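One structure is given below, encoded as structure tokens.
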Amino acid sequence: MTGKEKLTARAAAATKPGRYCDGRGLWLVVSASGARKWVFRFTYCGRVTEMGLGGHGTTLAQAREKAAEARKLISAGRNPIEARREGERVAAAKPTFGQCADALLEVKSSEWRNEKHRAQWAMTLETYAAPLRSRPVDEIDTEAVLGVLQPLWRTTPETASRLRGRIEAVLDAARAKGHTSRNEANPARWRGHLDKLLPKRQKLTRGHHAAMAFDDVPEFIGKLRDRQATAALALEFLTLTAARSGEVLGARWAEFDLKGKVWVIPAARMKAGCEHRVPLSCRALAILDVLAKGKVGEFIFAGQKAGKPLSGMAMEMVLRRMKVESATVHGFRSAFRDWCGEATSFPREIAEAALAHVAGDATERAYRRGDALEKRRTLMEAWAGFCEPKAGSNVISLTAPAFDRGFPQFERKVGVEN
């Protein structure tokens with residue numbers, strides 16, 4: 001205490017109803033009900049005024065600190081009450097991290113090819129970054145960023161890495177809008193900053209999507225057909241075409257040439273940014289024929305909301321309801337690739353082209369301008385035949401026509417035990 005201060009912490013805590021002066025304008029007011037509040041009594045422009053400094057939970061030390069700040073403002077010729085109101089208005093005008101994150105999602109959503117990508121961004125920024133969302137964006141510092149990253153860094157490093165990048169993007173956008181200081185570095189940046197504070201990893205533990213063994217696919221398709229749901233048809237169609245979930249869910253009727261038996265996925269919806277033609281097997285066409293009879297809107301696999309496709313989780317939920325725990329939707333692409341490599345003699349580049357993978361070096365790609373559509377048509381019809389559920393042991397003999405330019409005619413047998 002300074003000598004002018006009269007109260008002690010113990011005395012302040014044990015007071016009865018009344019007004020108690022601590023000196024220099026600071027008073028403790030205790031009501032008849034026992035409610036307590038601190039007030040600062042001061043004279044400004046010849047008028048005596050009282051300013052509240054906090055109620056229950058405000059300690060004597062905190063009240064003295066607030067009173068000292070108010071006295072400094074008075075000495076500078078400012079009314080501390082007006083100064084506090086101005087500060088509250090400024091604080092209210094500052095956007096929170098959550099508001100900046102939502103604004104960024106709105107801006108970037110047009111760049112993403114499917115709703116699933118947006119949902120992933122939204123989930124990480126809403127769930128994992130929840131402790132940051134209510135804070136003013138200009139108050140997000142390195143300590144705050146570490147607070148949300150460290151619990152995930154060792155347990156789910158891939159999620160933590162993506163979360164860090166997305167937090168960095170939100171803070172960069174906030175700076176571009178003038179919500180944070182342009183002279184301060186982004187507290188979520190990795191190189192030269194968080195890489196010095198978080199343990200390094202030699203390799204991100206991405207792992208592969210869990211995939212069903214290709215031998216089990218025909219039996220699975222048989223059970224899938226027992227389910228009367230658009231999502232089940234979408235999952236079978238995805239399996240037959242070896243397409244990605246975003247490509248299937250975003251498929252529109254305008255992309256299909258049913259007479260030519262081909263699905264043309266525009267570049268804007270492809271991961272590699274290149275148009276991809278998918279030859280359609282008889283079974284894939286049969287699925288489209290079923291859906292065409294109940295056609296609603298532009299999307300092949302229409303969702304419950306008008307003008308929207310199925311949700312990004314629809315096919316995953318089918319797997320969950322079927323209690324398939326050892327496979328993911330994306331994993332059916334792996335099952336197809338394993339079947340190509342282990343059970344057939346189709347050339348590697350044909351299988352890779354079916355998956356819309358970029359194969360070969362730049363020189364090789366420059367000379368190979370086509371997409372081997374007809375060769376892939378044979379491959380996809382063979383895959384559809386393999387996936388067809390069959391009773392008992394089945395052995396299919398599939399004979400491919402001669403491949404021109406160096407691929408001889410061949411016969412392959414695929415044995416499956418159900």
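Residue numbering restarts at 1 in every chain; chains get A, B, ... in the order shown in the structure tokens, and ligands count up from 1 in that same order.
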What are the nearest atom pairs, with distances in Å to one decimal, for all residues of segment 280-337 of chain A that come at most 12 Å from segment 212-217 of chain A, using only C-alpha atoms, set out by chain and rising residue number as a tab-separated table?
residue	atom	partner	partner_atom	distance
A:Leu319	CA	A:Met212	CA	11.3
A:Val324	CA	A:Met212	CA	9.1
A:Glu325	CA	A:Met212	CA	9.6
A:Ser326	CA	A:Met212	CA	6.6
A:Ala327	CA	A:Met212	CA	5.1
A:Thr328	CA	A:Met212	CA	7.8
A:Val329	CA	A:Met212	CA	9.4
A:His330	CA	A:Met212	CA	10.1
A:Gly331	CA	A:Met212	CA	6.7
A:Phe332	CA	A:Met212	CA	6.7
A:Arg333	CA	A:Met212	CA	9.6
A:Ser334	CA	A:Met212	CA	8.1
A:Ala335	CA	A:Phe214	CA	4.8
A:Phe336	CA	A:Phe214	CA	6.8
A:Arg337	CA	A:Phe214	CA	8.9
Nearby residues (only C-alpha atoms) at most 9 Å from Leu280 of chain A, same-chain spacing under 3 positions excluded, as a tab-separated table (two decimals) with C-alpha atoms, in the first residue's frame:
chain	number	residue	atom	x	y	z
A	240	LEU	CA	-17.66	-49.49	-61.02
A	241	THR	CA	-16.13	-46.27	-62.39
A	258	LEU	CA	-25.51	-42.18	-72.70
A	260	GLY	CA	-21.74	-42.96	-76.52
A	261	LYS	CA	-21.53	-44.66	-73.10
A	262	VAL	CA	-19.13	-42.11	-71.67
A	263	TRP	CA	-19.06	-39.73	-68.72
A	283	ARG	CA	-24.02	-52.08	-65.11
A	284	ALA	CA	-23.07	-48.40	-64.68
A	285	LEU	CA	-25.51	-47.52	-67.47
A	377	ARG	CA	-13.69	-49.38	-71.92
A	380	MET	CA	-14.00	-51.18	-67.02
A	381	GLU	CA	-16.39	-53.75	-68.53
Members of segment 80-289 of chain A assigned strand (DSSP E) by DSSP, as an NGL selection string:
:A and (256-257 or 262-265 or 276-279)
Might you pull out every residue within 12 Å of segment 158-161 of chain A, with only C-alpha atoms counted and same-chain residues fewer than 6 positions away left off, and present them as a VMD selection string?
chain A and resid 120 to 121 123 to 125 127 to 129 145 to 152 167 to 168 188 to 190 194 to 195 198 200 to 201 203 to 207
Would you mind exporting N, CA and C atoms of the selected residues as a PDB file, in the first residue's frame?
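Printed below is part-v6.pdb as written:
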ATOM      1  N   GLN A 120     -14.423 -30.196 -44.827  1.00  0.00           N
ATOM      2  CA  GLN A 120     -13.209 -30.497 -44.073  1.00  0.00           C
ATOM      3  C   GLN A 120     -12.598 -29.225 -43.496  1.00  0.00           C
ATOM      4  N   TRP A 121     -12.531 -28.172 -44.310  1.00  0.00           N
ATOM      5  CA  TRP A 121     -12.020 -26.890 -43.821  1.00  0.00           C
ATOM      6  C   TRP A 121     -12.888 -26.372 -42.674  1.00  0.00           C
ATOM      7  N   MET A 123     -14.906 -28.006 -40.679  1.00  0.00           N
ATOM      8  CA  MET A 123     -14.842 -28.834 -39.481  1.00  0.00           C
ATOM      9  C   MET A 123     -13.591 -28.537 -38.665  1.00  0.00           C
ATOM     10  N   THR A 124     -12.433 -28.446 -39.326  1.00  0.00           N
ATOM     11  CA  THR A 124     -11.206 -28.198 -38.581  1.00  0.00           C
ATOM     12  C   THR A 124     -11.212 -26.822 -37.938  1.00  0.00           C
ATOM     13  N   LEU A 125     -11.734 -25.814 -38.661  1.00  0.00           N
ATOM     14  CA  LEU A 125     -11.733 -24.455 -38.128  1.00  0.00           C
ATOM     15  C   LEU A 125     -12.833 -24.229 -37.091  1.00  0.00           C
ATOM     16  N   THR A 127     -14.185 -27.031 -35.111  1.00  0.00           N
ATOM     17  CA  THR A 127     -14.026 -27.983 -34.008  1.00  0.00           C
ATOM     18  C   THR A 127     -12.662 -27.864 -33.336  1.00  0.00           C
ATOM     19  N   TYR A 128     -11.608 -28.066 -34.116  1.00  0.00           N
ATOM     20  CA  TYR A 128     -10.264 -28.072 -33.524  1.00  0.00           C
ATOM     21  C   TYR A 128      -9.786 -26.668 -33.146  1.00  0.00           C
ATOM     22  N   ALA A 129     -10.238 -25.667 -33.885  1.00  0.00           N
ATOM     23  CA  ALA A 129      -9.831 -24.291 -33.578  1.00  0.00           C
ATOM     24  C   ALA A 129     -10.868 -23.569 -32.735  1.00  0.00           C
ATOM     25  N   VAL A 145      -2.027 -20.238 -30.816  1.00  0.00           N
ATOM     26  CA  VAL A 145      -1.954 -21.222 -31.899  1.00  0.00           C
ATOM     27  C   VAL A 145      -1.415 -22.545 -31.368  1.00  0.00           C
ATOM     28  N   LEU A 146      -0.362 -22.492 -30.574  1.00  0.00           N
ATOM     29  CA  LEU A 146       0.194 -23.715 -29.997  1.00  0.00           C
ATOM     30  C   LEU A 146      -0.822 -24.421 -29.113  1.00  0.00           C
ATOM     31  N   GLY A 147      -1.670 -23.648 -28.463  1.00  0.00           N
ATOM     32  CA  GLY A 147      -2.672 -24.233 -27.575  1.00  0.00           C
ATOM     33  C   GLY A 147      -3.618 -25.181 -28.273  1.00  0.00           C
ATOM     34  N   VAL A 148      -3.928 -24.912 -29.554  1.00  0.00           N
ATOM     35  CA  VAL A 148      -4.821 -25.812 -30.291  1.00  0.00           C
ATOM     36  C   VAL A 148      -4.051 -26.876 -31.077  1.00  0.00           C
ATOM     37  N   LEU A 149      -2.790 -26.614 -31.411  1.00  0.00           N
ATOM     38  CA  LEU A 149      -2.018 -27.574 -32.202  1.00  0.00           C
ATOM     39  C   LEU A 149      -1.394 -28.683 -31.352  1.00  0.00           C
ATOM     40  N   GLN A 150      -0.850 -28.325 -30.203  1.00  0.00           N
ATOM     41  CA  GLN A 150      -0.088 -29.294 -29.410  1.00  0.00           C
ATOM     42  C   GLN A 150      -0.876 -30.540 -29.009  1.00  0.00           C
ATOM     43  N   PRO A 151      -2.162 -30.434 -28.635  1.00  0.00           N
ATOM     44  CA  PRO A 151      -2.886 -31.662 -28.287  1.00  0.00           C
ATOM     45  C   PRO A 151      -3.027 -32.646 -29.444  1.00  0.00           C
ATOM     46  N   LEU A 152      -2.918 -32.149 -30.690  1.00  0.00           N
ATOM     47  CA  LEU A 152      -3.101 -32.999 -31.872  1.00  0.00           C
ATOM     48  C   LEU A 152      -1.789 -33.416 -32.512  1.00  0.00           C
ATOM     49  N   ILE A 167      -5.254 -22.253 -40.166  1.00  0.00           N
ATOM     50  CA  ILE A 167      -5.186 -21.106 -39.251  1.00  0.00           C
ATOM     51  C   ILE A 167      -4.308 -20.022 -39.863  1.00  0.00           C
ATOM     52  N   GLU A 168      -3.204 -20.425 -40.455  1.00  0.00           N
ATOM     53  CA  GLU A 168      -2.312 -19.462 -41.104  1.00  0.00           C
ATOM     54  C   GLU A 168      -3.054 -18.717 -42.214  1.00  0.00           C
ATOM     55  N   ALA A 188       1.079 -18.400 -36.989  1.00  0.00           N
ATOM     56  CA  ALA A 188       0.859 -19.801 -37.352  1.00  0.00           C
ATOM     57  C   ALA A 188       1.812 -20.274 -38.439  1.00  0.00           C
ATOM     58  N   ARG A 189       2.742 -19.406 -38.866  1.00  0.00           N
ATOM     59  CA  ARG A 189       3.669 -19.822 -39.934  1.00  0.00           C
ATOM     60  C   ARG A 189       4.554 -20.957 -39.425  1.00  0.00           C
ATOM     61  N   TRP A 190       4.999 -21.792 -40.354  1.00  0.00           N
ATOM     62  CA  TRP A 190       5.782 -22.966 -39.988  1.00  0.00           C
ATOM     63  C   TRP A 190       7.285 -22.686 -40.040  1.00  0.00           C
ATOM     64  N   LEU A 194       7.127 -21.972 -36.045  1.00  0.00           N
ATOM     65  CA  LEU A 194       6.600 -23.133 -35.338  1.00  0.00           C
ATOM     66  C   LEU A 194       7.472 -24.372 -35.509  1.00  0.00           C
ATOM     67  N   ASP A 195       8.271 -24.412 -36.595  1.00  0.00           N
ATOM     68  CA  ASP A 195       9.177 -25.555 -36.737  1.00  0.00           C
ATOM     69  C   ASP A 195      10.250 -25.571 -35.656  1.00  0.00           C
ATOM     70  N   LEU A 198       7.665 -26.901 -32.285  1.00  0.00           N
ATOM     71  CA  LEU A 198       6.994 -28.196 -32.302  1.00  0.00           C
ATOM     72  C   LEU A 198       7.968 -29.270 -32.752  1.00  0.00           C
ATOM     73  N   LYS A 200       9.821 -32.029 -34.743  1.00  0.00           N
ATOM     74  CA  LYS A 200       9.844 -32.317 -36.177  1.00  0.00           C
ATOM     75  C   LYS A 200       9.472 -33.772 -36.406  1.00  0.00           C
ATOM     76  N   ARG A 201       8.873 -33.989 -37.560  1.00  0.00           N
ATOM     77  CA  ARG A 201       8.551 -35.349 -37.965  1.00  0.00           C
ATOM     78  C   ARG A 201       9.256 -35.624 -39.280  1.00  0.00           C
ATOM     79  N   LYS A 203       8.395 -37.681 -41.494  1.00  0.00           N
ATOM     80  CA  LYS A 203       7.421 -37.883 -42.568  1.00  0.00           C
ATOM     81  C   LYS A 203       6.030 -37.781 -41.986  1.00  0.00           C
ATOM     82  N   LEU A 204       5.149 -37.107 -42.667  1.00  0.00           N
ATOM     83  CA  LEU A 204       3.774 -37.040 -42.220  1.00  0.00           C
ATOM     84  C   LEU A 204       3.160 -38.433 -42.284  1.00  0.00           C
ATOM     85  N   THR A 205       2.442 -38.799 -41.259  1.00  0.00           N
ATOM     86  CA  THR A 205       1.845 -40.130 -41.207  1.00  0.00           C
ATOM     87  C   THR A 205       0.498 -40.110 -41.917  1.00  0.00           C
ATOM     88  N   ARG A 206       0.563 -39.926 -43.208  1.00  0.00           N
ATOM     89  CA  ARG A 206      -0.674 -39.850 -43.977  1.00  0.00           C
ATOM     90  C   ARG A 206      -1.376 -41.203 -44.024  1.00  0.00           C
ATOM     91  N   GLY A 207      -0.608 -42.246 -44.333  1.00  0.00           N
ATOM     92  CA  GLY A 207      -1.212 -43.559 -44.465  1.00  0.00           C
ATOM     93  C   GLY A 207      -2.055 -43.639 -45.727  1.00  0.00           C
TER      94      GLY A 207
END
Calculate how many Å separate atom CA of Arg47 of chain A from atom CA of Ala63 of chain A, rounding to one decimal.
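Separation of atom CA of Arg47 of chain A and atom CA of Ala63 of chain A: 22.2 Å.
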Tell me which protein, DNA and RNA residues are within 8 Å of Glu298 of chain A, counting only C-alpha atoms, leaving out same-chain ones fewer than 4 positions away, and put them as a ChimeraX atom specification.
/A:252-254,302,307
Given only C-alpha atoms as the basis, pick out the residue of A:Glu139, A:Glu115, A:Glu65, A:Glu106 nearest to Met313 of chain A.
A:Glu115
Using only C-alpha atoms, which residue out of A:Met51, A:Arg133, A:His357, A:Ser281 lies closest to Arg85 of chain A?
A:Met51
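One distance worth recording is that between atom CA of Asp257 of chain A and atom CA of Gly294 of chain A, which is 18.4 Å.
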So, with only C-alpha atoms as the atoms that count, which of A:His179, A:Asp138, A:Ser311, A:Val39 lies closest to Ala119 of chain A?
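Nearest candidate to Ala119 of chain A out of A:His179, A:Asp138, A:Ser311, A:Val39: A:Ser311.
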Those in segment 173-371 of chain A with alpha helix (DSSP H) from DSSP, as a PDB file with C-alpha atoms, in the first residue's frame:
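Output file part.pdb is given in full below:
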ATOM      1  CA  ALA A 173      -6.662 -13.028 -44.863  1.00  0.00           C
ATOM      2  CA  ALA A 174      -7.316 -10.997 -41.710  1.00  0.00           C
ATOM      3  CA  ARG A 175      -4.061  -9.102 -42.221  1.00  0.00           C
ATOM      4  CA  ALA A 176      -4.928  -8.416 -45.862  1.00  0.00           C
ATOM      5  CA  VAL A 217     -15.919 -56.727 -53.619  1.00  0.00           C
ATOM      6  CA  PRO A 218     -18.436 -58.974 -55.469  1.00  0.00           C
ATOM      7  CA  GLU A 219     -19.967 -60.192 -52.194  1.00  0.00           C
ATOM      8  CA  PHE A 220     -20.071 -56.621 -50.897  1.00  0.00           C
ATOM      9  CA  ILE A 221     -21.817 -55.409 -54.079  1.00  0.00           C
ATOM     10  CA  GLY A 222     -24.418 -58.151 -53.600  1.00  0.00           C
ATOM     11  CA  LYS A 223     -25.210 -56.897 -50.100  1.00  0.00           C
ATOM     12  CA  LEU A 224     -25.107 -53.288 -51.291  1.00  0.00           C
ATOM     13  CA  THR A 230     -29.612 -43.413 -53.594  1.00  0.00           C
ATOM     14  CA  ALA A 231     -26.385 -43.424 -51.573  1.00  0.00           C
ATOM     15  CA  ALA A 232     -26.056 -47.195 -52.134  1.00  0.00           C
ATOM     16  CA  LEU A 233     -26.404 -46.708 -55.894  1.00  0.00           C
ATOM     17  CA  ALA A 234     -23.830 -43.900 -55.709  1.00  0.00           C
ATOM     18  CA  LEU A 235     -21.381 -46.180 -53.906  1.00  0.00           C
ATOM     19  CA  GLU A 236     -21.809 -48.957 -56.463  1.00  0.00           C
ATOM     20  CA  PHE A 237     -21.427 -46.462 -59.310  1.00  0.00           C
ATOM     21  CA  LEU A 238     -18.253 -45.125 -57.666  1.00  0.00           C
ATOM     22  CA  THR A 239     -16.875 -48.658 -57.392  1.00  0.00           C
ATOM     23  CA  LEU A 240     -17.664 -49.488 -61.021  1.00  0.00           C
ATOM     24  CA  THR A 241     -16.129 -46.274 -62.391  1.00  0.00           C
ATOM     25  CA  SER A 245     -16.305 -39.495 -54.200  1.00  0.00           C
ATOM     26  CA  GLY A 246     -16.372 -35.780 -55.090  1.00  0.00           C
ATOM     27  CA  GLU A 247     -16.524 -36.615 -58.789  1.00  0.00           C
ATOM     28  CA  VAL A 248     -19.460 -38.975 -58.265  1.00  0.00           C
ATOM     29  CA  LEU A 249     -21.441 -36.792 -55.878  1.00  0.00           C
ATOM     30  CA  CYS A 282     -23.371 -51.957 -68.847  1.00  0.00           C
ATOM     31  CA  ARG A 283     -24.022 -52.083 -65.106  1.00  0.00           C
ATOM     32  CA  ALA A 284     -23.067 -48.398 -64.676  1.00  0.00           C
ATOM     33  CA  LEU A 285     -25.510 -47.524 -67.467  1.00  0.00           C
ATOM     34  CA  ALA A 286     -28.189 -49.618 -65.773  1.00  0.00           C
ATOM     35  CA  ILE A 287     -27.747 -47.582 -62.578  1.00  0.00           C
ATOM     36  CA  LEU A 288     -28.128 -44.362 -64.567  1.00  0.00           C
ATOM     37  CA  ASP A 289     -31.246 -45.761 -66.220  1.00  0.00           C
ATOM     38  CA  VAL A 290     -32.802 -46.419 -62.800  1.00  0.00           C
ATOM     39  CA  LEU A 291     -31.947 -42.910 -61.593  1.00  0.00           C
ATOM     40  CA  ALA A 292     -33.210 -41.301 -64.801  1.00  0.00           C
ATOM     41  CA  LYS A 293     -36.713 -42.623 -64.090  1.00  0.00           C
ATOM     42  CA  ALA A 314     -23.660 -40.201 -47.534  1.00  0.00           C
ATOM     43  CA  MET A 315     -21.585 -43.095 -48.906  1.00  0.00           C
ATOM     44  CA  GLU A 316     -19.481 -43.352 -45.745  1.00  0.00           C
ATOM     45  CA  MET A 317     -22.712 -43.722 -43.782  1.00  0.00           C
ATOM     46  CA  VAL A 318     -23.728 -46.613 -46.038  1.00  0.00           C
ATOM     47  CA  LEU A 319     -20.511 -48.400 -45.066  1.00  0.00           C
ATOM     48  CA  ARG A 320     -21.152 -47.693 -41.389  1.00  0.00           C
ATOM     49  CA  ARG A 321     -24.700 -49.027 -41.554  1.00  0.00           C
ATOM     50  CA  GLY A 331     -10.433 -47.351 -50.782  1.00  0.00           C
ATOM     51  CA  PHE A 332     -12.499 -48.866 -53.610  1.00  0.00           C
ATOM     52  CA  ARG A 333     -10.129 -47.145 -56.034  1.00  0.00           C
ATOM     53  CA  SER A 334      -7.323 -49.109 -54.399  1.00  0.00           C
ATOM     54  CA  ALA A 335      -9.310 -52.329 -54.678  1.00  0.00           C
ATOM     55  CA  PHE A 336      -9.743 -51.662 -58.402  1.00  0.00           C
ATOM     56  CA  ARG A 337      -6.022 -50.945 -58.830  1.00  0.00           C
ATOM     57  CA  ASP A 338      -5.028 -54.061 -56.916  1.00  0.00           C
ATOM     58  CA  TRP A 339      -7.339 -56.136 -59.107  1.00  0.00           C
ATOM     59  CA  CYS A 340      -5.814 -54.624 -62.256  1.00  0.00           C
ATOM     60  CA  GLY A 341      -2.273 -55.423 -61.124  1.00  0.00           C
ATOM     61  CA  GLU A 342      -2.791 -58.804 -59.504  1.00  0.00           C
ATOM     62  CA  ALA A 343      -5.628 -60.452 -61.403  1.00  0.00           C
ATOM     63  CA  ARG A 348      -0.138 -50.398 -66.067  1.00  0.00           C
ATOM     64  CA  GLU A 349      -0.690 -47.182 -68.010  1.00  0.00           C
ATOM     65  CA  ILE A 350      -4.269 -48.247 -68.853  1.00  0.00           C
ATOM     66  CA  ALA A 351      -5.055 -48.860 -65.191  1.00  0.00           C
ATOM     67  CA  GLU A 352      -3.484 -45.547 -64.190  1.00  0.00           C
ATOM     68  CA  ALA A 353      -5.435 -43.720 -66.890  1.00  0.00           C
ATOM     69  CA  ALA A 354      -8.647 -45.256 -65.543  1.00  0.00           C
ATOM     70  CA  ALA A 362       6.855 -35.151 -69.259  1.00  0.00           C
ATOM     71  CA  THR A 363       8.386 -36.431 -72.513  1.00  0.00           C
ATOM     72  CA  GLU A 364       6.322 -39.603 -72.488  1.00  0.00           C
ATOM     73  CA  ARG A 365       3.132 -37.651 -71.794  1.00  0.00           C
ATOM     74  CA  ALA A 366       3.909 -35.234 -74.621  1.00  0.00           C
ATOM     75  CA  TYR A 367       3.956 -38.113 -77.148  1.00  0.00           C
TER      76      TYR A 367
END
Residues near Ala268 of chain A, cut-off 10 Å, only C-alpha atoms, skip fewer than 3 positions along chain, as a list of chain:residue names
A:Glu111, A:Trp112, A:Arg113, A:Asn114, A:Ile265, A:Lys271, A:Ala272, A:Gly273, A:Cys274, A:Glu275
Distance of atom CA of His276 of chain A from atom CA of Pro309 of chain A, expressed in Å to one decimal place:
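Between these atoms lies a distance of 20.3 Å.
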